>>> print(open('work_3.cif').read())   # mmCIF, C-alpha atoms
data_coords
loop_
_atom_site.label_atom_id
_atom_site.label_comp_id
_atom_site.auth_asym_id
_atom_site.auth_seq_id
_atom_site.Cartn_x
_atom_site.Cartn_y
_atom_site.Cartn_z
CA MET A 947 -44.94 -14.80 7.58
CA ALA A 948 -42.69 -15.95 10.41
CA GLY A 949 -40.95 -18.36 8.10
CA THR A 950 -40.45 -15.62 5.55
CA PHE A 951 -38.91 -13.30 8.14
CA PHE A 952 -36.52 -15.87 9.55
CA SER A 953 -35.29 -16.77 6.08
CA SER A 954 -34.91 -13.16 4.98
CA PRO A 955 -31.57 -11.40 4.37
CA TYR A 956 -32.50 -8.91 7.12
CA TYR A 957 -32.74 -11.65 9.75
CA PHE A 958 -29.55 -13.23 8.44
CA CYS A 959 -27.72 -9.92 8.83
CA LEU A 960 -28.88 -9.52 12.40
CA PHE A 961 -27.47 -12.85 13.47
CA ALA A 962 -24.61 -13.35 11.02
CA ARG A 963 -23.39 -9.82 10.55
CA ASP A 964 -20.03 -10.95 9.15
CA ALA A 965 -21.69 -12.14 5.93
CA CYS A 966 -23.45 -8.83 5.37
CA PHE A 967 -20.58 -6.39 5.15
CA MET A 968 -20.98 -4.32 2.05
CA ILE A 969 -17.24 -3.79 1.51
CA SER A 970 -15.21 -4.51 -1.62
CA ALA A 971 -11.52 -5.39 -1.42
CA ASN A 972 -9.12 -3.70 -3.83
CA ILE A 973 -5.78 -5.51 -4.22
CA ILE A 974 -3.09 -4.58 -6.74
CA ALA A 975 -0.62 -7.30 -7.66
CA PHE A 976 2.37 -8.21 -9.79
CA ASN A 977 4.02 -11.63 -9.44
CA GLU A 978 2.56 -12.14 -5.97
CA GLU A 979 1.92 -15.90 -6.01
CA ALA A 980 3.56 -16.23 -2.59
CA ASN A 981 1.28 -13.60 -1.04
CA ILE A 982 -1.99 -13.33 -2.90
CA ALA A 983 -3.84 -16.26 -1.29
CA ASP A 984 -3.18 -15.03 2.26
CA CYS A 985 -4.05 -11.47 1.29
CA ILE A 986 -7.40 -12.51 -0.20
CA ALA A 987 -8.14 -14.67 2.86
CA SER A 988 -7.37 -11.71 5.12
CA ALA A 989 -9.62 -9.38 3.13
CA ARG A 990 -12.50 -11.87 3.10
CA GLN A 991 -12.79 -11.56 6.86
CA VAL A 992 -14.60 -8.29 6.22
CA CYS A 993 -15.29 -8.28 2.47
CA ASP A 994 -17.48 -10.47 0.29
CA ASP A 995 -16.31 -8.84 -2.95
CA VAL A 996 -12.64 -8.99 -3.96
CA VAL A 997 -11.11 -7.28 -7.00
CA VAL A 998 -7.48 -7.97 -7.92
CA VAL A 999 -5.88 -5.56 -10.38
CA ASP A 1000 -3.00 -7.46 -11.94
CA SER A 1001 -0.29 -5.69 -13.92
CA GLY A 1002 0.93 -8.60 -16.04
CA SER A 1003 2.04 -11.24 -13.55
CA GLN A 1004 4.13 -14.02 -15.07
CA ASP A 1005 3.67 -16.43 -12.17
CA LYS A 1006 0.52 -18.05 -10.71
CA THR A 1007 -0.93 -14.86 -9.20
CA VAL A 1008 -3.88 -14.64 -11.58
CA SER A 1009 -4.82 -18.32 -11.42
CA ILE A 1010 -4.64 -18.37 -7.61
CA ALA A 1011 -6.76 -15.24 -7.31
CA SER A 1012 -9.35 -16.57 -9.75
CA GLU A 1013 -9.53 -19.94 -7.98
CA LEU A 1014 -10.22 -18.12 -4.72
CA GLY A 1015 -13.17 -16.28 -6.24
CA ALA A 1016 -11.58 -12.88 -6.81
CA ARG A 1017 -12.45 -10.96 -9.96
CA VAL A 1018 -9.20 -10.22 -11.78
CA VAL A 1019 -8.78 -7.03 -13.79
CA HIS A 1020 -5.81 -6.91 -16.17
CA GLN A 1021 -4.10 -3.54 -16.39
CA ALA A 1022 -0.51 -2.66 -17.29
CA TYR A 1023 1.07 -0.80 -14.40
CA LEU A 1024 0.23 2.92 -14.51
CA GLY A 1025 1.72 4.05 -11.21
CA ASP A 1026 0.70 3.49 -7.61
CA GLY A 1027 -2.34 5.72 -7.10
CA ILE A 1028 -3.62 5.42 -10.66
CA GLN A 1029 -3.41 1.63 -10.48
CA LYS A 1030 -5.30 1.47 -7.19
CA ASN A 1031 -8.12 3.54 -8.63
CA ILE A 1032 -8.63 1.13 -11.54
CA ALA A 1033 -10.57 -1.24 -9.26
CA LEU A 1034 -13.15 1.45 -8.50
CA GLU A 1035 -14.69 0.81 -11.91
CA HIS A 1036 -15.28 -2.82 -10.94
CA VAL A 1037 -16.16 -2.93 -7.22
CA LYS A 1038 -19.71 -3.77 -6.14
CA TYR A 1039 -19.98 -1.60 -3.05
CA ASP A 1040 -19.50 2.00 -1.94
CA TRP A 1041 -16.95 1.10 0.73
CA VAL A 1042 -13.57 -0.18 -0.42
CA LEU A 1043 -10.78 -1.83 1.55
CA SER A 1044 -7.44 -1.31 -0.19
CA LEU A 1045 -4.69 -3.84 0.56
CA ASP A 1046 -1.33 -4.53 -0.99
CA ALA A 1047 -0.58 -8.21 -1.53
CA ASP A 1048 1.90 -8.25 1.37
CA GLU A 1049 -0.53 -6.70 3.88
CA ARG A 1050 -2.77 -8.49 6.39
CA LEU A 1051 -5.46 -7.45 8.86
CA THR A 1052 -4.83 -8.27 12.50
CA PRO A 1053 -7.69 -9.82 14.53
CA GLU A 1054 -8.05 -6.47 16.31
CA MET A 1055 -8.43 -4.67 12.98
CA VAL A 1056 -11.03 -7.18 11.81
CA THR A 1057 -13.01 -6.53 15.00
CA ALA A 1058 -12.67 -2.76 14.62
CA ILE A 1059 -13.98 -2.87 11.05
CA ARG A 1060 -16.86 -5.16 11.98
CA GLN A 1061 -17.95 -2.73 14.67
CA LEU A 1062 -18.23 0.19 12.24
CA ASP A 1063 -21.65 1.37 11.15
CA LEU A 1064 -20.68 2.27 7.60
CA ALA A 1065 -24.25 3.06 6.59
CA ALA A 1066 -24.55 5.85 9.16
CA THR A 1067 -20.99 7.08 9.74
CA GLU A 1068 -20.14 10.75 9.20
CA HIS A 1069 -16.63 9.75 8.09
CA ASP A 1070 -15.66 9.13 4.48
CA ALA A 1071 -12.56 7.09 5.30
CA PHE A 1072 -10.75 5.22 8.06
CA ALA A 1073 -7.00 5.05 8.69
CA PHE A 1074 -5.17 2.00 10.03
CA ARG A 1075 -1.94 1.82 11.98
CA ARG A 1076 0.55 -0.25 9.98
CA ARG A 1077 3.16 -2.57 11.48
CA ASN A 1078 6.02 -2.70 8.99
CA MET A 1079 7.99 -5.93 9.28
CA ILE A 1080 11.45 -7.15 8.30
CA GLY A 1081 11.24 -10.91 8.43
CA SER A 1082 9.28 -11.55 11.63
CA ARG A 1083 10.56 -8.36 13.30
CA TRP A 1084 8.23 -5.44 13.89
CA ILE A 1085 10.15 -2.20 13.24
CA ARG A 1086 8.83 0.55 15.52
CA VAL A 1087 11.47 3.22 14.81
CA CYS A 1088 12.55 5.26 11.76
CA GLY A 1089 8.97 6.43 11.18
CA TRP A 1090 7.84 2.87 10.44
CA TYR A 1091 5.23 2.86 13.20
CA PRO A 1092 2.46 3.79 13.68
CA ASP A 1093 2.59 4.78 9.96
CA TYR A 1094 -1.13 5.59 9.66
CA CYS A 1095 -2.58 4.82 6.22
CA ILE A 1096 -6.15 5.34 5.01
CA ARG A 1097 -7.23 1.96 3.65
CA LEU A 1098 -11.00 1.85 4.11
CA TYR A 1099 -12.95 4.53 2.27
CA ASN A 1100 -16.20 5.39 0.55
CA HIS A 1101 -15.10 5.69 -3.06
CA HIS A 1102 -17.88 8.14 -3.89
CA HIS A 1103 -16.29 10.66 -1.51
CA ALA A 1104 -12.63 9.61 -1.28
CA ARG A 1105 -10.04 7.92 -3.47
CA PHE A 1106 -6.31 7.58 -4.03
CA ALA A 1107 -4.58 10.55 -5.58
CA ASP A 1108 -3.81 9.88 -9.25
CA VAL A 1109 -0.04 9.87 -8.77
CA LYS A 1110 2.62 7.35 -9.75
CA GLN A 1111 4.44 7.25 -6.43
CA HIS A 1112 3.69 7.57 -2.70
CA ALA A 1113 -0.06 7.49 -3.30
CA LYS A 1114 -2.46 8.08 -0.44
CA VAL A 1115 -6.21 8.33 -0.13
CA ILE A 1116 -7.54 11.88 -0.28
CA ALA A 1117 -10.47 12.19 2.13
CA SER A 1118 -12.21 15.17 3.73
CA ASN A 1119 -13.27 13.59 7.03
CA PRO A 1120 -11.19 10.50 7.89
CA ARG A 1121 -11.00 8.81 11.29
CA ARG A 1122 -8.15 6.79 12.78
CA LEU A 1123 -8.98 3.31 14.06
CA ASP A 1124 -7.31 2.03 17.22
CA ALA A 1125 -5.99 -1.15 15.60
CA ASP A 1126 -3.19 -2.37 13.35
CA MET A 1127 -2.63 -4.00 10.02
CA ILE A 1128 0.56 -5.89 9.21
CA HIS A 1129 2.84 -5.08 6.29
CA HIS A 1130 5.42 -7.74 5.43
CA SER A 1131 7.70 -5.12 3.93
CA PHE A 1132 10.91 -7.12 3.51
CA ASP A 1133 11.91 -10.74 4.01
CA ASN A 1134 15.34 -9.76 5.34
CA LEU A 1135 17.71 -6.83 5.75
CA GLY A 1136 19.27 -7.42 2.34
CA GLN A 1137 15.97 -6.60 0.63
CA LEU A 1138 16.17 -3.08 2.01
CA PHE A 1139 18.83 -2.51 -0.62
CA ALA A 1140 17.69 -4.86 -3.39
CA LYS A 1141 14.15 -6.18 -3.09
CA PRO A 1142 13.44 -8.52 -6.02
CA GLY A 1143 11.41 -6.84 -8.74
CA ARG A 1144 11.59 -3.42 -7.11
CA ASN A 1145 13.90 -0.56 -8.09
CA PHE A 1146 12.74 2.21 -5.78
CA SER A 1147 15.43 4.77 -6.57
CA GLY A 1148 15.22 4.20 -10.33
CA ARG A 1149 11.46 4.51 -10.32
CA ALA A 1150 11.59 7.72 -8.30
CA ALA A 1151 14.27 9.20 -10.56
CA LYS A 1152 12.17 8.51 -13.65
CA ILE A 1153 9.11 10.13 -12.13
CA MET A 1154 11.07 13.20 -11.04
CA PHE A 1155 12.64 13.60 -14.47
CA GLN A 1156 9.23 13.35 -16.15
CA LYS A 1157 7.95 16.06 -13.82
CA GLY A 1158 10.77 18.38 -14.85
CA LYS A 1159 12.72 18.19 -11.59
CA ARG A 1160 16.48 18.55 -11.85
CA ALA A 1161 19.50 17.85 -9.64
CA ASN A 1162 22.92 19.38 -9.25
CA ALA A 1163 26.27 17.90 -8.22
CA PHE A 1164 25.48 18.36 -4.51
CA SER A 1165 21.95 16.93 -4.61
CA PRO A 1166 22.77 13.22 -4.15
CA PHE A 1167 24.98 13.78 -1.11
CA ALA A 1168 22.72 16.40 0.51
CA HIS A 1169 19.51 14.38 0.09
CA GLY A 1170 21.18 11.12 1.09
CA LEU A 1171 22.61 12.62 4.28
CA ASN A 1172 19.33 14.30 5.12
CA ALA A 1173 17.40 11.03 4.74
CA PHE A 1174 19.83 9.15 6.97
CA VAL A 1175 19.82 11.79 9.71
CA ARG A 1176 16.03 12.06 9.64
CA LYS A 1177 15.58 8.31 10.06
CA TYR A 1178 18.40 7.65 12.50
CA VAL A 1179 18.21 10.74 14.72
CA PHE A 1180 14.83 12.45 14.46
CA GLN A 1181 12.82 9.26 13.95
CA ARG A 1182 14.83 7.44 16.64
CA GLY A 1183 16.44 4.79 14.50
CA PHE A 1184 19.27 4.68 17.06
CA LEU A 1185 16.86 2.94 19.44
CA GLY A 1186 16.38 0.09 16.97
CA GLY A 1187 19.88 -1.34 17.10
CA VAL A 1188 21.14 -2.94 13.90
CA ASP A 1189 17.67 -2.86 12.31
CA GLY A 1190 17.33 0.88 12.98
CA MET A 1191 20.79 1.61 11.64
CA THR A 1192 20.22 -0.51 8.53
CA VAL A 1193 16.86 1.09 7.77
CA ALA A 1194 18.44 4.55 8.11
CA ILE A 1195 21.39 3.60 5.87
CA SER A 1196 19.05 2.16 3.24
CA ALA A 1197 16.94 5.33 3.31
CA GLY A 1198 20.05 7.44 2.84
CA LEU A 1199 21.38 5.23 0.05
CA ASN A 1200 18.07 5.15 -1.80
CA SER A 1201 17.79 8.93 -1.60
CA TYR A 1202 21.39 9.30 -2.78
CA LEU A 1203 20.81 6.95 -5.73
CA LYS A 1204 17.55 8.64 -6.66
CA TYR A 1205 19.24 12.00 -7.18
CA ALA A 1206 22.38 10.45 -8.67
CA LYS A 1207 20.23 8.74 -11.32
CA LEU A 1208 18.29 11.93 -11.93
CA LEU A 1209 21.57 13.77 -12.46
CA GLU A 1210 22.73 10.99 -14.80
CA TYR A 1211 19.63 11.48 -16.99
CA GLN A 1212 20.54 15.17 -17.25
CA ARG A 1213 24.20 14.58 -18.07
CA ASP A 1214 24.35 11.43 -20.18
CA PRO A 1215 22.29 11.37 -23.42
CA LYS A 1216 23.15 7.69 -24.00
CA VAL A 1217 21.67 6.65 -20.65
CA LEU A 1218 18.64 8.86 -21.20
CA GLU A 1219 18.00 7.45 -24.67
CA ALA A 1220 18.24 3.86 -23.43
CA GLU A 1221 15.72 4.38 -20.61
CA ASP A 1222 12.07 3.37 -21.06
CA PHE A 1223 10.08 6.13 -19.38
CA ASN A 1224 6.80 4.41 -20.16
CA LYS A 1225 7.76 1.71 -17.70
CA VAL A 1226 8.12 3.18 -14.23
CA TRP A 1227 8.11 -0.16 -12.40
#
>>> encode(input="work_3.cif", output="structure tokens")
Amino acid sequence: MAGTFFSSPYYFCLFARDACFMISANIIAFNEEANIADCIASARQVCDDVVVVDSGSQDKTVSIASELGARVVHQAYLGDGIQKNIALEHVKYDWVLSLDADERLTPEMVTAIRQLDLAATEHDAFAFRRRNMIGSRWIRVCGWYPDYCIRLYNHHHARFADVKQHAKVIASNPRRLDADMIHHSFDNLGQLFAKPGRNFSGRAAKIMFQKGKRANAFSPFAHGLNAFVRKYVFQRGFLGGVDGMTVAISAGLNSYLKYAKLLEYQRDPKVLEAEDFNKVW
């Protein structure tokens, strides 16, 4: 009997708790060969089940993920929240850790997650502070920190909203953890204006047009100015030096372009006809 006990999963969990976390990782990816291996390694510190939802990568993302033991689900991109919910049909466990390919858990966050009693908690989700980075620089102004995001949740009680943009987990009783995750947002300042493979203002304009939203001649300027002032003044971008100023300018420019493109769809039938609204990314 003693031998049976000491070889049982229960005993193993008592003395090697790391291996017994019942958490599935949910990672969405598109051409992330430079990031996916580190993201999976980060998730595996607290997860023993990893699902990667790939939206048609043309690089080595899928092969790398498969070689590292992740289960890859192929799904054309449907929009942020919708895409992140695809994995819920494939995860093994109730609790899901959602990471983007350019996000990593800090050692403090790993410890905080390991200390949770997910079987007995009254909470249906947990929010992480997120350190948004430009290169190796941690941006603490312009609303970029603490930037709380719910990333660990019981998918029977909480899930991402089924929206195409700015998706967040909808939970009834979340709790904030006193620890950070890292988001390698941009490699350099230039990517704030033109990150490869990402057209933030164009995507937003498409989504707004599909929803029936409309702009007028003053909309681009008014929204662009408002975004800049909010970031630079009210969210203390002025304390961030050149980085704070650049983030605020990029926010203003992206907002300006979003409404300028929306207005263009309204005014120019040729541009509207040429646009593929089935492809938002």
>>> atom_distance(input="work_3.cif", atom1="CA of Ile1028 in chain A", atom2="CA of Ser1001 in chain A")
12.0 Å
>>> resolve_selection(input="work_3.cif", expression="the PyMOL selection byres ((chain A and resi 969) around 10)", output="list in words")
Cys966, Phe967, Met968, Ser970, Ala971, Asn972, Ala989, Arg990, Val992, Cys993, Asp994, Asp995, Val996, Val1037, Lys1038, Tyr1039, Asp1040, Trp1041, Val1042, Leu1043, Leu1064, Leu1098, Tyr1099 and Asn1100 of chain A
>>> residues_around(input="work_3.cif", residues="Ile1195 in chain A", least_positions_apart="6", cutoff="9 Å", atoms="all atoms listed in the file", output="number ranges by chain")
A: 1170, 1173-1174, 1177-1178
>>> resolve_selection(input="work_3.cif", expression="the PyMOL selection byres ((chain A and resi 1139) around 12)", output="list in words")
Phe1132, Asp1133, Asn1134, Leu1135, Gly1136, Gln1137, Leu1138, Ala1140, Lys1141, Pro1142, Gly1143, Arg1144, Asn1145, Phe1146, Ser1147, Thr1192, Val1193, Ala1194, Ile1195, Ser1196, Ala1197, Gly1198, Leu1199, Asn1200, Ser1201 and Leu1203 of chain A
>>> residues_around(input="work_3.cif", residues="range 1151-1168 of chain A", least_positions_apart="2", cutoff="6 Å", atoms="only C-alpha atoms", output="list in words")
Gly1148, Arg1149, Gly1170, Leu1171, Tyr1202, Lys1204, Tyr1205, Ala1206, Leu1208 and Leu1209 of chain A
>>> atom_distance(input="work_3.cif", atom1="CA of Val1018 in chain A", atom2="CA of Asp984 in chain A")
16.0 Å
>>> atom_distance(input="work_3.cif", atom1="CA of Ala980 in chain A", atom2="CA of Val1019 in chain A")
19.0 Å
>>> residues_around(input="work_3.cif", residues="Ile982 in chain A", least_positions_apart="2", cutoff="10 Å", atoms="only C-alpha atoms", output="list in words")
Ile973, Ile974, Ala975, Phe976, Asn977, Glu978, Glu979, Ala980, Asp984, Cys985, Ile986, Ala987, Ser988, Val998, Lys1006, Thr1007, Val1008, Ile1010, Ala1011, Leu1014, Asp1046, Ala1047, Asp1048 and Glu1049 of chain A
>>> residues_near_point(input="work_3.cif", point="(3.3, 6.7, -7.4)", cutoff="12 Å", atoms="all atoms listed in the file", output="list in words")
Tyr1023, Leu1024, Gly1025, Asp1026, Gly1027, Ile1028, Gln1029, Lys1030, Asn1031, Phe1106, Ala1107, Asp1108, Val1109, Lys1110, Gln1111, His1112, Ala1113, Lys1114, Phe1146, Arg1149, Ala1150, Ala1151, Lys1152, Ile1153, Met1154, Val1226 and Trp1227 of chain A
>>> residues_around(input="work_3.cif", residues="range 1089-1095 of chain A", least_positions_apart="3", cutoff="7 Å", atoms="all atoms listed in the file", output="PyMOL selection string")
chain A and resi 1073-1078+1085-1086+1177+1181
>>> closest_residue(input="work_3.cif", among="A:Asp1126, A:Asp1000, A:Asp1189, A:Asp1070", to="Val1087 in chain A", atoms="all atoms listed in the file")
A:Asp1189
>>> closest_residue(input="work_3.cif", among="A:Ile1032, A:Val1179, A:Ala983, A:Leu1045", to="Ala1016 in chain A", atoms="all atoms listed in the file")
A:Ala983
>>> build_atoms(input="work_3.cif", residues="range 1195-1222 of chain A", atoms="N, CA and C atoms", output="PDB file, in the frame of the given file")
ATOM      1  N   ILE A1195      20.393   3.635   6.952  1.00  0.00           N
ATOM      2  CA  ILE A1195      21.390   3.600   5.870  1.00  0.00           C
ATOM      3  C   ILE A1195      20.705   3.364   4.529  1.00  0.00           C
ATOM      4  N   SER A1196      19.741   2.444   4.508  1.00  0.00           N
ATOM      5  CA  SER A1196      19.050   2.160   3.240  1.00  0.00           C
ATOM      6  C   SER A1196      18.273   3.370   2.761  1.00  0.00           C
ATOM      7  N   ALA A1197      17.670   4.116   3.686  1.00  0.00           N
ATOM      8  CA  ALA A1197      16.940   5.330   3.310  1.00  0.00           C
ATOM      9  C   ALA A1197      17.896   6.357   2.717  1.00  0.00           C
ATOM     10  N   GLY A1198      19.058   6.509   3.354  1.00  0.00           N
ATOM     11  CA  GLY A1198      20.050   7.440   2.840  1.00  0.00           C
ATOM     12  C   GLY A1198      20.579   7.028   1.479  1.00  0.00           C
ATOM     13  N   LEU A1199      20.849   5.720   1.325  1.00  0.00           N
ATOM     14  CA  LEU A1199      21.380   5.230   0.050  1.00  0.00           C
ATOM     15  C   LEU A1199      20.351   5.374  -1.065  1.00  0.00           C
ATOM     16  N   ASN A1200      19.098   5.037  -0.776  1.00  0.00           N
ATOM     17  CA  ASN A1200      18.070   5.150  -1.800  1.00  0.00           C
ATOM     18  C   ASN A1200      17.872   6.600  -2.237  1.00  0.00           C
ATOM     19  N   SER A1201      17.926   7.514  -1.258  1.00  0.00           N
ATOM     20  CA  SER A1201      17.790   8.930  -1.600  1.00  0.00           C
ATOM     21  C   SER A1201      18.989   9.399  -2.415  1.00  0.00           C
ATOM     22  N   TYR A1202      20.176   8.956  -2.019  1.00  0.00           N
ATOM     23  CA  TYR A1202      21.390   9.300  -2.780  1.00  0.00           C
ATOM     24  C   TYR A1202      21.273   8.814  -4.219  1.00  0.00           C
ATOM     25  N   LEU A1203      20.894   7.537  -4.391  1.00  0.00           N
ATOM     26  CA  LEU A1203      20.810   6.950  -5.730  1.00  0.00           C
ATOM     27  C   LEU A1203      19.727   7.617  -6.578  1.00  0.00           C
ATOM     28  N   LYS A1204      18.639   7.987  -5.938  1.00  0.00           N
ATOM     29  CA  LYS A1204      17.550   8.640  -6.660  1.00  0.00           C
ATOM     30  C   LYS A1204      18.039   9.912  -7.349  1.00  0.00           C
ATOM     31  N   TYR A1205      18.765  10.741  -6.599  1.00  0.00           N
ATOM     32  CA  TYR A1205      19.240  12.000  -7.180  1.00  0.00           C
ATOM     33  C   TYR A1205      20.455  11.792  -8.073  1.00  0.00           C
ATOM     34  N   ALA A1206      21.259  10.752  -7.779  1.00  0.00           N
ATOM     35  CA  ALA A1206      22.380  10.450  -8.670  1.00  0.00           C
ATOM     36  C   ALA A1206      21.874   9.996 -10.042  1.00  0.00           C
ATOM     37  N   LYS A1207      20.812   9.192 -10.048  1.00  0.00           N
ATOM     38  CA  LYS A1207      20.230   8.740 -11.320  1.00  0.00           C
ATOM     39  C   LYS A1207      19.562   9.885 -12.060  1.00  0.00           C
ATOM     40  N   LEU A1208      18.894  10.757 -11.312  1.00  0.00           N
ATOM     41  CA  LEU A1208      18.290  11.930 -11.930  1.00  0.00           C
ATOM     42  C   LEU A1208      19.362  12.790 -12.605  1.00  0.00           C
ATOM     43  N   LEU A1209      20.464  12.977 -11.906  1.00  0.00           N
ATOM     44  CA  LEU A1209      21.570  13.770 -12.460  1.00  0.00           C
ATOM     45  C   LEU A1209      22.155  13.078 -13.695  1.00  0.00           C
ATOM     46  N   GLU A1210      22.205  11.737 -13.656  1.00  0.00           N
ATOM     47  CA  GLU A1210      22.730  10.990 -14.800  1.00  0.00           C
ATOM     48  C   GLU A1210      21.858  11.200 -16.039  1.00  0.00           C
ATOM     49  N   TYR A1211      20.527  11.214 -15.853  1.00  0.00           N
ATOM     50  CA  TYR A1211      19.630  11.480 -16.990  1.00  0.00           C
ATOM     51  C   TYR A1211      19.914  12.842 -17.604  1.00  0.00           C
ATOM     52  N   GLN A1212      20.271  13.814 -16.764  1.00  0.00           N
ATOM     53  CA  GLN A1212      20.540  15.170 -17.250  1.00  0.00           C
ATOM     54  C   GLN A1212      21.859  15.250 -18.006  1.00  0.00           C
ATOM     55  N   ARG A1213      22.835  14.413 -17.577  1.00  0.00           N
ATOM     56  CA  ARG A1213      24.200  14.580 -18.070  1.00  0.00           C
ATOM     57  C   ARG A1213      24.594  13.610 -19.185  1.00  0.00           C
ATOM     58  N   ASP A1214      23.902  12.477 -19.264  1.00  0.00           N
ATOM     59  CA  ASP A1214      24.350  11.430 -20.180  1.00  0.00           C
ATOM     60  C   ASP A1214      23.252  11.090 -21.192  1.00  0.00           C
ATOM     61  N   PRO A1215      23.314  11.622 -22.408  1.00  0.00           N
ATOM     62  CA  PRO A1215      22.290  11.370 -23.420  1.00  0.00           C
ATOM     63  C   PRO A1215      22.124   9.890 -23.754  1.00  0.00           C
ATOM     64  N   LYS A1216      23.225   9.128 -23.683  1.00  0.00           N
ATOM     65  CA  LYS A1216      23.150   7.690 -24.000  1.00  0.00           C
ATOM     66  C   LYS A1216      22.288   6.963 -22.978  1.00  0.00           C
ATOM     67  N   VAL A1217      22.471   7.265 -21.702  1.00  0.00           N
ATOM     68  CA  VAL A1217      21.670   6.650 -20.650  1.00  0.00           C
ATOM     69  C   VAL A1217      20.216   7.061 -20.785  1.00  0.00           C
ATOM     70  N   LEU A1218      19.992   8.335 -21.061  1.00  0.00           N
ATOM     71  CA  LEU A1218      18.640   8.860 -21.200  1.00  0.00           C
ATOM     72  C   LEU A1218      17.910   8.196 -22.367  1.00  0.00           C
ATOM     73  N   GLU A1219      18.608   8.039 -23.478  1.00  0.00           N
ATOM     74  CA  GLU A1219      18.000   7.450 -24.670  1.00  0.00           C
ATOM     75  C   GLU A1219      17.645   5.985 -24.447  1.00  0.00           C
ATOM     76  N   ALA A1220      18.454   5.285 -23.656  1.00  0.00           N
ATOM     77  CA  ALA A1220      18.240   3.860 -23.430  1.00  0.00           C
ATOM     78  C   ALA A1220      17.127   3.576 -22.424  1.00  0.00           C
ATOM     79  N   GLU A1221      16.717   4.585 -21.673  1.00  0.00           N
ATOM     80  CA  GLU A1221      15.720   4.380 -20.610  1.00  0.00           C
ATOM     81  C   GLU A1221      14.311   4.369 -21.183  1.00  0.00           C
ATOM     82  N   ASP A1222      13.486   3.455 -20.668  1.00  0.00           N
ATOM     83  CA  ASP A1222      12.070   3.370 -21.060  1.00  0.00           C
ATOM     84  C   ASP A1222      11.243   4.109 -20.023  1.00  0.00           C
TER      85      ASP A1222
END
